[in-house]
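Engineer: Input upload_25.cif, format and content: mmCIF, C-alpha atoms (C1' of nucleotides).
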data_protein
loop_
_atom_site.label_atom_id
_atom_site.label_comp_id
_atom_site.auth_asym_id
_atom_site.auth_seq_id
_atom_site.Cartn_x
_atom_site.Cartn_y
_atom_site.Cartn_z
CA MET I 1 14.06 -45.28 6.91
CA LYS I 2 12.58 -42.00 7.98
CA GLN I 3 14.16 -38.62 8.56
CA ASP I 4 16.38 -37.97 11.56
CA LEU I 5 14.38 -36.45 14.41
CA ARG I 6 16.97 -33.73 14.91
CA ILE I 7 16.48 -32.53 11.36
CA ILE I 8 12.73 -32.45 11.77
CA LYS I 9 13.10 -30.47 14.98
CA THR I 10 15.48 -28.00 13.34
CA LYS I 11 13.24 -27.43 10.34
CA ASP I 12 10.17 -27.12 12.53
CA SER I 13 11.86 -24.48 14.63
CA LEU I 14 12.87 -22.50 11.56
CA ARG I 15 9.43 -22.75 9.99
CA HIS I 16 7.78 -21.68 13.21
CA ALA I 17 10.14 -18.75 13.68
CA LEU I 18 9.61 -17.64 10.09
CA LEU I 19 5.85 -17.62 10.48
CA ALA I 20 6.16 -15.51 13.62
CA LEU I 21 8.51 -13.08 11.91
CA LEU I 22 6.25 -12.75 8.88
CA LYS I 23 3.62 -11.25 11.16
CA GLN I 24 6.04 -8.47 12.01
CA LYS I 25 7.98 -7.70 8.84
CA PRO I 26 8.13 -8.49 5.09
CA LEU I 27 9.88 -11.64 3.92
CA GLU I 28 12.60 -9.75 2.10
CA THR I 29 13.79 -8.04 5.27
CA ILE I 30 14.16 -11.23 7.31
CA THR I 31 17.80 -12.26 7.59
CA ILE I 32 19.19 -15.72 8.16
CA ALA I 33 20.88 -14.56 11.36
CA GLU I 34 17.63 -13.13 12.70
CA LEU I 35 15.66 -16.23 11.80
CA CYS I 36 18.20 -18.51 13.49
CA ARG I 37 18.26 -16.42 16.66
CA ASP I 38 14.49 -16.61 16.95
CA ALA I 39 14.48 -20.34 16.19
CA ASN I 40 17.32 -21.07 18.60
CA ILE I 41 19.21 -22.73 15.82
CA ASN I 42 22.90 -22.27 15.15
CA ARG I 43 23.42 -20.33 11.97
CA GLY I 44 25.78 -22.99 10.70
CA THR I 45 23.02 -25.55 11.11
CA PHE I 46 20.78 -23.45 8.86
CA TYR I 47 23.28 -23.81 6.04
CA LEU I 48 23.21 -27.61 6.43
CA HIS I 49 19.59 -27.56 5.25
CA TYR I 50 18.96 -24.34 3.38
CA LYS I 51 20.81 -21.77 1.36
CA GLU I 52 18.48 -18.85 1.96
CA VAL I 53 15.39 -17.79 3.87
CA HIS I 54 13.33 -18.28 0.72
CA GLU I 55 13.81 -22.01 0.85
CA VAL I 56 12.14 -22.18 4.24
CA PHE I 57 9.21 -20.19 2.94
CA LYS I 58 9.07 -22.33 -0.16
CA GLU I 59 8.49 -25.43 1.96
CA TYR I 60 5.43 -23.71 3.35
CA LEU I 61 4.23 -22.78 -0.06
CA GLU I 62 4.63 -26.34 -1.24
CA VAL I 63 2.22 -27.44 1.48
CA ILE I 64 -0.21 -24.72 0.45
CA VAL I 65 0.02 -25.66 -3.20
CA GLU I 66 -0.54 -29.26 -2.18
CA ASP I 67 -3.84 -28.09 -0.73
CA LEU I 68 -4.71 -26.60 -4.10
CA LYS I 69 -3.92 -29.91 -5.79
CA ILE I 70 -6.13 -31.80 -3.37
CA SER I 71 -9.04 -29.42 -3.85
CA TYR I 72 -8.58 -29.80 -7.57
CA GLU I 73 -8.79 -33.56 -7.37
CA GLU I 74 -12.18 -33.31 -5.70
CA PRO I 75 -14.63 -35.16 -7.86
CA TYR I 76 -17.29 -33.21 -9.62
CA TYR I 77 -19.37 -33.95 -12.66
CA LYS I 78 -16.88 -34.02 -15.49
CA THR I 79 -18.33 -34.18 -18.94
CA ASN I 80 -16.26 -33.67 -22.01
CA TYR I 81 -14.34 -30.48 -22.17
CA HIS I 82 -16.60 -27.50 -22.12
CA ILE I 83 -16.53 -24.05 -20.71
CA GLN I 84 -18.36 -24.83 -17.48
CA HIS I 85 -15.72 -27.38 -16.69
CA LEU I 86 -12.95 -24.83 -16.99
CA GLU I 87 -14.85 -22.28 -14.99
CA ALA I 88 -15.43 -24.74 -12.17
CA ASP I 89 -11.70 -25.43 -12.04
CA MET I 90 -10.81 -21.78 -12.00
CA ILE I 91 -13.25 -20.99 -9.23
CA LYS I 92 -11.39 -23.51 -7.12
CA ILE I 93 -8.19 -21.60 -7.74
CA PHE I 94 -9.82 -18.32 -6.78
CA HIS I 95 -11.09 -19.84 -3.55
CA HIS I 96 -7.68 -21.27 -2.81
CA VAL I 97 -5.89 -17.95 -3.33
CA LYS I 98 -8.47 -16.16 -1.19
CA LYS I 99 -8.01 -18.75 1.55
CA TYR I 100 -4.26 -18.21 1.60
CA LYS I 101 -4.42 -14.53 0.75
CA ASP I 102 -1.68 -13.66 3.23
CA PHE I 103 0.75 -15.93 1.41
CA TYR I 104 -0.21 -14.88 -2.08
CA GLN I 105 0.25 -11.25 -1.11
CA ILE I 106 3.86 -12.19 -0.45
CA ILE I 107 4.22 -14.27 -3.59
CA PHE I 108 3.04 -11.47 -5.87
CA ASP I 109 5.26 -8.89 -4.17
CA GLU I 110 7.65 -7.05 -6.47
CA ARG I 111 10.73 -7.88 -4.48
CA ILE I 112 10.10 -11.61 -4.29
CA PRO I 113 11.92 -13.98 -6.68
CA MET I 114 10.05 -15.55 -9.59
CA MET I 115 10.42 -19.04 -8.10
CA TYR I 116 7.15 -18.79 -6.20
CA TYR I 117 5.27 -17.58 -9.24
CA TYR I 118 6.65 -20.50 -11.21
CA LEU I 119 5.63 -22.91 -8.47
CA LEU I 120 2.06 -21.68 -8.78
CA PHE I 121 2.33 -21.57 -12.55
CA ASP I 122 3.49 -25.18 -12.77
CA THR I 123 0.74 -26.35 -10.47
CA VAL I 124 -2.05 -24.62 -12.35
CA ARG I 125 -0.37 -25.65 -15.58
CA SER I 126 -0.66 -29.32 -14.65
CA PHE I 127 -4.40 -28.82 -14.12
CA MET I 128 -4.68 -27.04 -17.42
CA LYS I 129 -2.77 -29.81 -19.15
CA GLU I 130 -5.15 -32.35 -17.72
CA SER I 131 -8.13 -30.32 -18.92
CA LEU I 132 -6.84 -29.46 -22.36
CA GLY I 133 -4.57 -32.38 -23.08
CA GLN I 134 -7.38 -34.88 -23.31
CA HIS I 135 -9.41 -32.84 -25.70
CA PHE I 136 -6.93 -31.58 -28.22
CA GLU I 137 -4.96 -33.89 -30.37
CA LEU I 138 -2.36 -31.52 -31.68
CA ASP I 139 0.35 -32.90 -33.88
CA HIS I 140 3.22 -31.19 -32.19
CA GLY I 141 3.77 -31.44 -28.48
CA VAL I 142 5.40 -28.04 -28.61
CA GLN I 143 2.25 -26.42 -29.90
CA LEU I 144 0.28 -27.90 -27.03
CA ASP I 145 2.90 -26.61 -24.60
CA TYR I 146 2.31 -23.08 -25.80
CA LEU I 147 -1.46 -23.43 -25.64
CA ILE I 148 -1.33 -24.71 -22.07
CA SER I 149 1.07 -21.99 -20.92
CA TYR I 150 -1.03 -19.37 -22.66
CA GLN I 151 -4.21 -20.43 -20.90
CA THR I 152 -2.49 -20.97 -17.57
CA ASN I 153 -0.83 -17.60 -17.46
CA ALA I 154 -4.02 -15.90 -18.56
CA ILE I 155 -5.62 -17.13 -15.34
CA LEU I 156 -2.59 -16.01 -13.34
CA GLY I 157 -3.04 -12.65 -15.03
CA MET I 158 -6.42 -12.40 -13.34
CA LEU I 159 -4.74 -13.24 -10.04
CA ILE I 160 -2.19 -10.46 -10.60
CA GLU I 161 -5.04 -8.06 -11.25
CA TRP I 162 -6.83 -9.36 -8.19
CA HIS I 163 -3.69 -8.77 -6.16
CA ARG I 164 -3.44 -5.22 -7.46
CA HIS I 165 -7.02 -4.62 -6.44
CA GLY I 166 -6.09 -5.70 -2.91
CA TYR I 167 -8.15 -8.91 -3.23
CA GLU I 168 -11.25 -6.79 -2.83
CA THR I 169 -13.04 -8.19 -5.87
CA SER I 170 -15.41 -10.93 -4.73
CA ILE I 171 -14.96 -14.45 -6.06
CA HIS I 172 -18.41 -14.21 -7.59
CA ASP I 173 -17.46 -11.09 -9.53
CA LEU I 174 -14.14 -12.64 -10.49
CA ASN I 175 -15.96 -15.59 -11.95
CA GLN I 176 -18.38 -13.34 -13.79
CA HIS I 177 -15.43 -11.49 -15.29
CA LEU I 178 -13.90 -14.77 -16.40
CA ILE I 179 -17.12 -15.85 -18.06
CA THR I 180 -17.32 -12.50 -19.84
CA ILE I 181 -13.72 -12.74 -20.98
CA LEU I 182 -14.15 -16.24 -22.36
CA SER I 183 -17.30 -15.08 -24.07
CA ILE I 184 -15.52 -12.10 -25.64
CA ASN I 185 -12.66 -14.27 -26.82
CA SER I 186 -15.03 -16.65 -28.49
CA HIS I 187 -16.33 -13.80 -30.64
CA PHE I 188 -12.96 -12.39 -31.68
CA ARG I 189 -12.85 -14.13 -35.00
CA LYS I 190 -16.31 -13.03 -35.91
CA MET I 191 -15.43 -9.35 -35.84
CA MET F 1 18.20 22.40 -15.07
CA LYS F 2 19.88 19.15 -16.04
CA GLN F 3 21.51 16.47 -13.97
CA ASP F 4 24.89 17.03 -12.30
CA LEU F 5 27.70 15.74 -14.48
CA ARG F 6 29.23 13.83 -11.58
CA ILE F 7 26.05 11.85 -11.12
CA ILE F 8 25.95 10.97 -14.80
CA LYS F 9 29.57 9.83 -14.67
CA THR F 10 28.94 7.73 -11.58
CA LYS F 11 25.88 6.03 -13.03
CA ASP F 12 27.61 5.44 -16.34
CA SER F 13 30.52 3.75 -14.58
CA LEU F 14 28.19 1.51 -12.64
CA ARG F 15 26.13 0.58 -15.69
CA HIS F 16 29.26 -0.19 -17.67
CA ALA F 17 30.74 -2.29 -14.89
CA LEU F 18 27.48 -4.21 -14.49
CA LEU F 19 27.33 -5.05 -18.20
CA ALA F 20 30.88 -6.37 -18.05
CA LEU F 21 30.16 -8.45 -14.97
CA LEU F 22 26.99 -9.92 -16.50
CA LYS F 23 29.18 -11.52 -19.14
CA GLN F 24 31.01 -13.40 -16.42
CA LYS F 25 28.40 -14.30 -13.80
CA PRO F 26 24.66 -14.29 -13.10
CA LEU F 27 23.01 -11.10 -11.83
CA GLU F 28 22.09 -12.60 -8.48
CA THR F 29 25.71 -13.30 -7.58
CA ILE F 30 26.97 -9.77 -8.27
CA THR F 31 27.50 -7.87 -5.04
CA ILE F 32 27.42 -4.12 -4.53
CA ALA F 33 31.00 -4.16 -3.28
CA GLU F 34 32.19 -6.04 -6.35
CA LEU F 35 30.31 -3.75 -8.71
CA CYS F 36 31.75 -0.64 -7.05
CA ARG F 37 35.30 -1.99 -7.17
CA ASP F 38 34.99 -2.63 -10.90
CA ALA F 39 33.39 0.75 -11.52
CA ASN F 40 35.92 2.63 -9.38
CA ILE F 41 33.11 4.10 -7.37
CA ASN F 42 33.10 4.41 -3.63
CA ARG F 43 30.58 2.05 -2.12
CA GLY F 44 29.04 4.89 -0.16
CA THR F 45 28.43 6.73 -3.41
CA PHE F 46 26.47 3.75 -4.70
CA TYR F 47 24.00 4.13 -1.87
CA LEU F 48 23.46 7.77 -2.77
CA HIS F 49 21.85 6.63 -6.03
CA TYR F 50 20.72 3.04 -5.62
CA LYS F 51 19.65 0.65 -2.93
CA GLU F 52 20.60 -2.57 -4.68
CA VAL F 53 22.28 -3.93 -7.80
CA HIS F 54 18.84 -4.61 -9.27
CA GLU F 55 18.13 -0.92 -9.59
CA VAL F 56 21.12 -0.46 -11.88
CA PHE F 57 19.93 -3.34 -14.04
CA LYS F 58 16.42 -1.97 -14.01
CA GLU F 59 17.62 1.26 -15.60
CA TYR F 60 18.94 -0.83 -18.46
CA LEU F 61 15.71 -2.68 -18.77
CA GLU F 62 13.77 0.55 -18.86
CA VAL F 63 15.76 1.57 -21.93
CA ILE F 64 15.07 -1.80 -23.52
CA VAL F 65 11.37 -1.60 -22.77
CA GLU F 66 11.41 1.88 -24.25
CA ASP F 67 12.60 0.28 -27.45
CA LEU F 68 9.58 -2.01 -27.34
CA LYS F 69 7.28 0.96 -26.90
CA ILE F 70 8.82 2.72 -29.88
CA SER F 71 8.49 -0.32 -32.10
CA TYR F 72 4.91 -0.62 -31.01
CA GLU F 73 4.14 2.94 -31.99
CA GLU F 74 5.29 2.23 -35.52
CA PRO F 75 2.39 3.00 -37.82
CA TYR F 76 0.78 0.17 -39.67
CA TYR F 77 -2.62 -0.27 -41.17
CA LYS F 78 -5.01 -0.22 -38.23
CA THR F 79 -8.56 -1.16 -38.99
CA ASN F 80 -11.06 -1.77 -36.30
CA TYR F 81 -10.15 -4.39 -33.82
CA HIS F 82 -9.69 -7.74 -35.41
CA ILE F 83 -7.46 -10.69 -34.96
CA GLN F 84 -4.83 -9.68 -37.50
CA HIS F 85 -4.30 -6.47 -35.61
CA LEU F 86 -3.59 -8.30 -32.39
CA GLU F 87 -1.30 -10.76 -34.11
CA ALA F 88 0.73 -7.98 -35.67
CA ASP F 89 1.23 -6.42 -32.26
CA MET F 90 2.27 -9.67 -30.69
CA ILE F 91 4.78 -10.42 -33.41
CA LYS F 92 6.46 -7.17 -32.53
CA ILE F 93 6.79 -8.33 -28.96
CA PHE F 94 8.26 -11.65 -30.06
CA HIS F 95 10.82 -9.86 -32.21
CA HIS F 96 11.68 -7.54 -29.36
CA VAL F 97 12.25 -10.36 -26.89
CA LYS F 98 14.34 -12.24 -29.40
CA LYS F 99 16.43 -9.13 -30.03
CA TYR F 100 17.15 -8.73 -26.32
CA LYS F 101 17.21 -12.44 -25.57
CA ASP F 102 20.19 -12.11 -23.25
CA PHE F 103 18.25 -9.74 -21.03
CA TYR F 104 15.03 -11.67 -21.05
CA GLN F 105 16.89 -14.80 -20.06
CA ILE F 106 17.83 -12.92 -16.91
CA ILE F 107 14.36 -11.50 -16.37
CA PHE F 108 12.67 -14.91 -16.49
CA ASP F 109 15.24 -16.47 -14.18
CA GLU F 110 13.84 -18.12 -11.06
CA ARG F 111 16.01 -16.18 -8.66
CA ILE F 112 15.19 -12.75 -10.05
CA PRO F 113 12.57 -10.57 -8.31
CA MET F 114 9.14 -10.10 -9.86
CA MET F 115 9.78 -6.41 -10.49
CA TYR F 116 11.19 -7.04 -13.96
CA TYR F 117 8.29 -9.25 -14.92
CA TYR F 118 5.89 -6.54 -13.79
CA LEU F 119 7.79 -3.94 -15.80
CA LEU F 120 7.27 -6.02 -18.92
CA PHE F 121 3.72 -6.83 -17.91
CA ASP F 122 2.80 -3.16 -17.47
CA THR F 123 4.32 -2.26 -20.81
CA VAL F 124 2.53 -4.95 -22.76
CA ARG F 125 -0.58 -4.20 -20.74
CA SER F 126 -0.60 -0.60 -21.93
CA PHE F 127 -0.53 -1.87 -25.53
CA MET F 128 -3.30 -4.29 -24.78
CA LYS F 129 -5.35 -1.57 -23.15
CA GLU F 130 -4.96 0.56 -26.25
CA SER F 131 -6.05 -2.33 -28.45
CA LEU F 132 -8.96 -3.53 -26.37
CA GLY F 133 -10.01 -0.35 -24.64
CA GLN F 134 -11.27 1.30 -27.82
CA HIS F 135 -13.36 -1.63 -28.88
CA PHE F 136 -15.10 -2.75 -25.73
CA GLU F 137 -17.44 -0.52 -23.86
CA LEU F 138 -17.73 -2.40 -20.63
CA ASP F 139 -19.79 -0.89 -17.88
CA HIS F 140 -17.33 -1.47 -15.11
CA GLY F 141 -13.74 -0.33 -15.37
CA VAL F 142 -12.79 -3.17 -13.10
CA GLN F 143 -14.13 -5.72 -15.53
CA LEU F 144 -12.01 -4.22 -18.30
CA ASP F 145 -8.97 -4.31 -16.00
CA TYR F 146 -9.38 -8.06 -15.62
CA LEU F 147 -9.85 -8.60 -19.34
CA ILE F 148 -6.72 -6.65 -20.16
CA SER F 149 -4.60 -8.41 -17.55
CA TYR F 150 -5.95 -11.76 -18.70
CA GLN F 151 -4.98 -11.15 -22.31
CA THR F 152 -1.66 -9.56 -21.42
CA ASN F 153 -0.50 -12.33 -19.16
CA ALA F 154 -1.61 -14.94 -21.67
CA ILE F 155 0.94 -13.51 -24.09
CA LEU F 156 3.57 -13.45 -21.36
CA GLY F 157 2.70 -17.11 -20.78
CA MET F 158 3.89 -17.79 -24.30
CA LEU F 159 7.10 -15.93 -23.50
CA ILE F 160 7.60 -18.07 -20.39
CA GLU F 161 7.13 -21.17 -22.50
CA TRP F 162 9.51 -19.74 -25.10
CA HIS F 163 12.05 -19.14 -22.35
CA ARG F 164 11.69 -22.71 -21.14
CA HIS F 165 12.28 -23.93 -24.67
CA GLY F 166 15.55 -21.96 -24.69
CA TYR F 167 14.17 -19.50 -27.26
CA GLU F 168 14.60 -22.17 -29.89
CA THR F 169 11.09 -21.87 -31.29
CA SER F 170 11.16 -19.60 -34.33
CA ILE F 171 9.13 -16.43 -34.34
CA HIS F 172 7.19 -17.78 -37.29
CA ASP F 173 6.23 -20.91 -35.38
CA LEU F 174 5.43 -18.84 -32.33
CA ASN F 175 3.04 -16.76 -34.36
CA GLN F 176 1.47 -19.87 -35.87
CA HIS F 177 0.92 -21.22 -32.37
CA LEU F 178 -0.73 -17.96 -31.35
CA ILE F 179 -3.08 -18.05 -34.32
CA THR F 180 -3.99 -21.63 -33.49
CA ILE F 181 -4.59 -20.77 -29.86
CA LEU F 182 -6.85 -17.84 -30.70
CA SER F 183 -8.67 -20.04 -33.14
CA ILE F 184 -9.18 -22.75 -30.53
CA ASN F 185 -10.42 -20.25 -27.98
CA SER F 186 -12.96 -18.94 -30.40
CA HIS F 187 -14.51 -22.39 -30.59
CA PHE F 188 -14.64 -23.09 -26.87
CA ARG F 189 -18.22 -22.10 -26.46
CA LYS F 190 -19.33 -24.22 -29.31
CA MET F 191 -18.27 -27.48 -27.67
"C1'" DA P 1 21.67 -50.26 27.17
"C1'" DT P 2 25.43 -49.65 24.23
"C1'" DA P 3 27.97 -48.48 20.02
"C1'" DG P 4 28.16 -46.22 15.92
"C1'" DA P 5 26.50 -42.67 13.04
"C1'" DT P 6 25.44 -38.07 12.31
"C1'" DA P 7 23.31 -33.59 13.35
"C1'" DT P 8 24.29 -29.59 16.04
"C1'" DT P 9 27.15 -26.33 18.24
"C1'" DG P 10 30.51 -22.59 19.00
"C1'" DA P 11 34.29 -20.30 17.46
"C1'" DA P 12 36.81 -18.03 13.98
"C1'" DC P 13 37.67 -15.69 9.56
"C1'" DA P 14 37.21 -13.06 5.25
"C1'" DT P 15 34.01 -10.56 2.99
"C1'" DG P 16 29.53 -7.97 2.18
"C1'" DT P 17 25.81 -4.64 3.96
"C1'" DG P 18 23.97 -0.35 5.40
"C1'" DT P 19 24.84 3.81 7.61
"C1'" DA P 20 27.24 8.08 9.39
"C1'" DC P 21 30.39 11.95 9.13
"C1'" DA P 22 34.05 15.14 8.23
"C1'" DA P 23 37.23 16.25 4.49
"C1'" DT P 24 37.69 16.96 -0.23
"C1'" DA P 25 36.78 17.44 -5.09
"C1'" DA P 26 34.08 18.89 -8.73
"C1'" DA P 27 30.18 20.77 -10.47
"C1'" DA P 28 26.82 24.89 -11.06
"C1'" DA P 29 25.72 29.76 -10.31
"C1'" DT P 30 27.11 34.44 -9.94
"C1'" DA S 1 37.22 33.95 -11.80
"C1'" DT S 2 35.21 33.41 -7.54
"C1'" DT S 3 31.69 31.78 -4.65
"C1'" DT S 4 28.34 28.55 -3.54
"C1'" DT S 5 26.46 24.22 -3.79
"C1'" DT S 6 26.73 19.45 -3.76
"C1'" DA S 7 28.62 14.91 -5.14
"C1'" DT S 8 32.32 11.93 -3.88
"C1'" DT S 9 35.68 10.00 -0.87
"C1'" DG S 10 37.81 7.63 3.07
"C1'" DT S 11 37.12 5.93 7.34
"C1'" DA S 12 34.69 3.69 10.82
"C1'" DC S 13 31.21 0.77 12.96
"C1'" DA S 14 27.72 -2.80 13.92
"C1'" DC S 15 25.79 -6.43 11.87
"C1'" DA S 16 25.03 -10.21 8.07
"C1'" DT S 17 26.98 -13.83 4.98
"C1'" DG S 18 29.11 -18.10 3.83
"C1'" DT S 19 32.42 -21.35 5.07
"C1'" DT S 20 35.51 -24.36 7.98
"C1'" DC S 21 36.61 -27.38 11.93
"C1'" DA S 22 36.94 -29.76 16.21
"C1'" DA S 23 34.01 -30.72 20.18
"C1'" DT S 24 29.65 -32.16 21.66
"C1'" DA S 25 24.97 -33.80 21.78
"C1'" DT S 26 21.47 -36.57 20.03
"C1'" DC S 27 19.50 -39.92 17.20
"C1'" DT S 28 19.41 -44.79 15.03
"C1'" DA S 29 20.51 -49.50 14.90
"C1'" DT S 30 21.74 -53.54 17.28
#
Spit out the file's structure as structure tokens when you get a sec.
Structural biologist:
Amino acid sequence: MKQDLRIIKTKDSLRHALLALLKQKPLETITIAELCRDANINRGTFYLHYKEVHEVFKEYLEVIVEDLKISYEEPYYKTNYHIQHLEADMIKIFHHVKKYKDFYQIIFDERIPMMYYYLLFDTVRSFMKESLGQHFELDHGVQLDYLISYQTNAILGMLIEWHRHGYETSIHDLNQHLITILSINSHFRKM
Amino acid sequence: MKQDLRIIKTKDSLRHALLALLKQKPLETITIAELCRDANINRGTFYLHYKEVHEVFKEYLEVIVEDLKISYEEPYYKTNYHIQHLEADMIKIFHHVKKYKDFYQIIFDERIPMMYYYLLFDTVRSFMKESLGQHFELDHGVQLDYLISYQTNAILGMLIEWHRHGYETSIHDLNQHLITILSINSHFRKM
DNA sequence: ATAGATATTGAACATGTGTACAATAAAAAT
DNA sequence: ATTTTTATTGTACACATGTTCAATATCTAT
């Protein structure tokens, strides 16, 4: 039992119209009325499927994030947990963000709701959990939760910085920075 | 040359009305019209000072963040950079967030724009810069930028996790988790 | 191909948004 | 105390929001 064709057509029209509008103006300035006019969809119909413009955009983002998941699943030589492993994973994320730079510029915009950030956070977090979860046998699940969120958001912190630098830092440099950071952190306790 | 008394009165009314409304309904559902009715301020007057309800809330948050800055400036025994130093700073942040839990619950809400997160991020980042900047002489300023944002957002990752746990984790436990995490990170390269 | 199910439409309504402008009130400056 | 400056008000307007409902169009199931 698949989805009604009319619904698919409606959603397609809205998605298509949104993409076209995003080339002209920022997401936050696009109104439901405007989007529906461009998509030739009755405004009432919009409310049958969405509550706000953000939900249309979020469907896009979910496809994009799916692409990140797929690229993450790509097999590569996985030994036990070690630093190279983590770096390899993170490079994939950098490549992904670069590939969809236009979207991530929107996601990291000040005016945009946190929901998109959390979508990215949860995705990267699931990778991080996979990486860390196998290798640390912590007594309390809560403690592991904090570790995973700590590491995940640290990476997103680099993405925020990347965003603020206008995505001008090369992926190679970004990776070098990450290696340096991990190296510095590993010496903290020795100081 | 200080601010016109009428402006102060207007802003005070709006702030007061917003606080009262926040006890009844979420920030995202409060309209400008509603806020102005409660504050006995003409809606046109609102637009002379603000563009959206968020800006009124942001003025609150700026006061709150100021409180964090002050608590951070509190003198304590500062040796050279070492892990205890960092931990002491972070505990202050945990206490601060706990103190203003009601506000941070709003700030970490999915529907709320990133601007509040960035306000917190930039504040904590300035602390982190102070802590790290003195102790690392990195050639490239950019590299230091990434390190600082990495470390800053890692801490905010713990706050996100705290938020998701309904702020039920005690500050003591939170600090224990942080110590464990830093300890784990320092052993990464040895694996 | 037809019947039944349901998505879409258009119209209407109360309310919110963002802006403009002259009239007024309240502040600052003298 | 009076003048000057400026913040606030009330009104108006075009457009957006969120919801309702009967009429219609389009899809699914048979």
Engineer: List as a PyMOL selection string the protein and nucleic acid residues near DA11 (chain P), meaning an atom at most 10 Å away when all atoms listed in the file are counted, but skip any in the same chain fewer than 2 places from it.
Structural biologist: (chain P and resi 9+13) or (chain S and resi 21-22)
Engineer: Find the residues near region 167-176 of chain I: any atom within 8 Å, counting all atoms listed in the file, skip ones fewer than 2 places away on the same chain, and give them as a list in words.
Structural biologist: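 Non-adjacent residues within range: Glu87, Ile91, Phe94, His95, Lys98, Lys101, Trp162, His163, Arg164, His165, Leu178, Ile179 and Thr180 of chain I.
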Engineer: To verify the selection step, state as an NGL selection string which residues the PyMOL selection byres ((chain I and resi 96) around 12) yields on this input.
Structural biologist: :I and (64-72 or 89-95 or 97-104 or 120 or 124 or 159 or 171)
Engineer: Using all atoms listed in the file, find the residues of chain S whose closest atom to chain I is at most 8 Å away, then write them as an mmCIF file with C-alpha atoms (C1' of nucleotides), keeping the file's coordinate frame.
Structural biologist:
data_model
loop_
_atom_site.group_PDB
_atom_site.id
_atom_site.type_symbol
_atom_site.label_atom_id
_atom_site.label_comp_id
_atom_site.auth_asym_id
_atom_site.auth_seq_id
_atom_site.Cartn_x
_atom_site.Cartn_y
_atom_site.Cartn_z
ATOM 1 C "C1'" DA S 16 25.030 -10.210 8.070
ATOM 2 C "C1'" DT S 26 21.470 -36.570 20.030
ATOM 3 C "C1'" DC S 27 19.500 -39.920 17.200
#
Engineer: How would you write, as a ChimeraX atom specification, the residues chosen by the PyMOL selection byres ((chain P) within 9 of (chain F)) on this structure?
Structural biologist: /P:16-19,26-28
Engineer: What separation in Å, quoted to one decimal, exists between CA of Met128 (chain I) and CA of Lys58 (chain I)?
Structural biologist: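 That distance, rounded to one decimal, is 22.6 Å.
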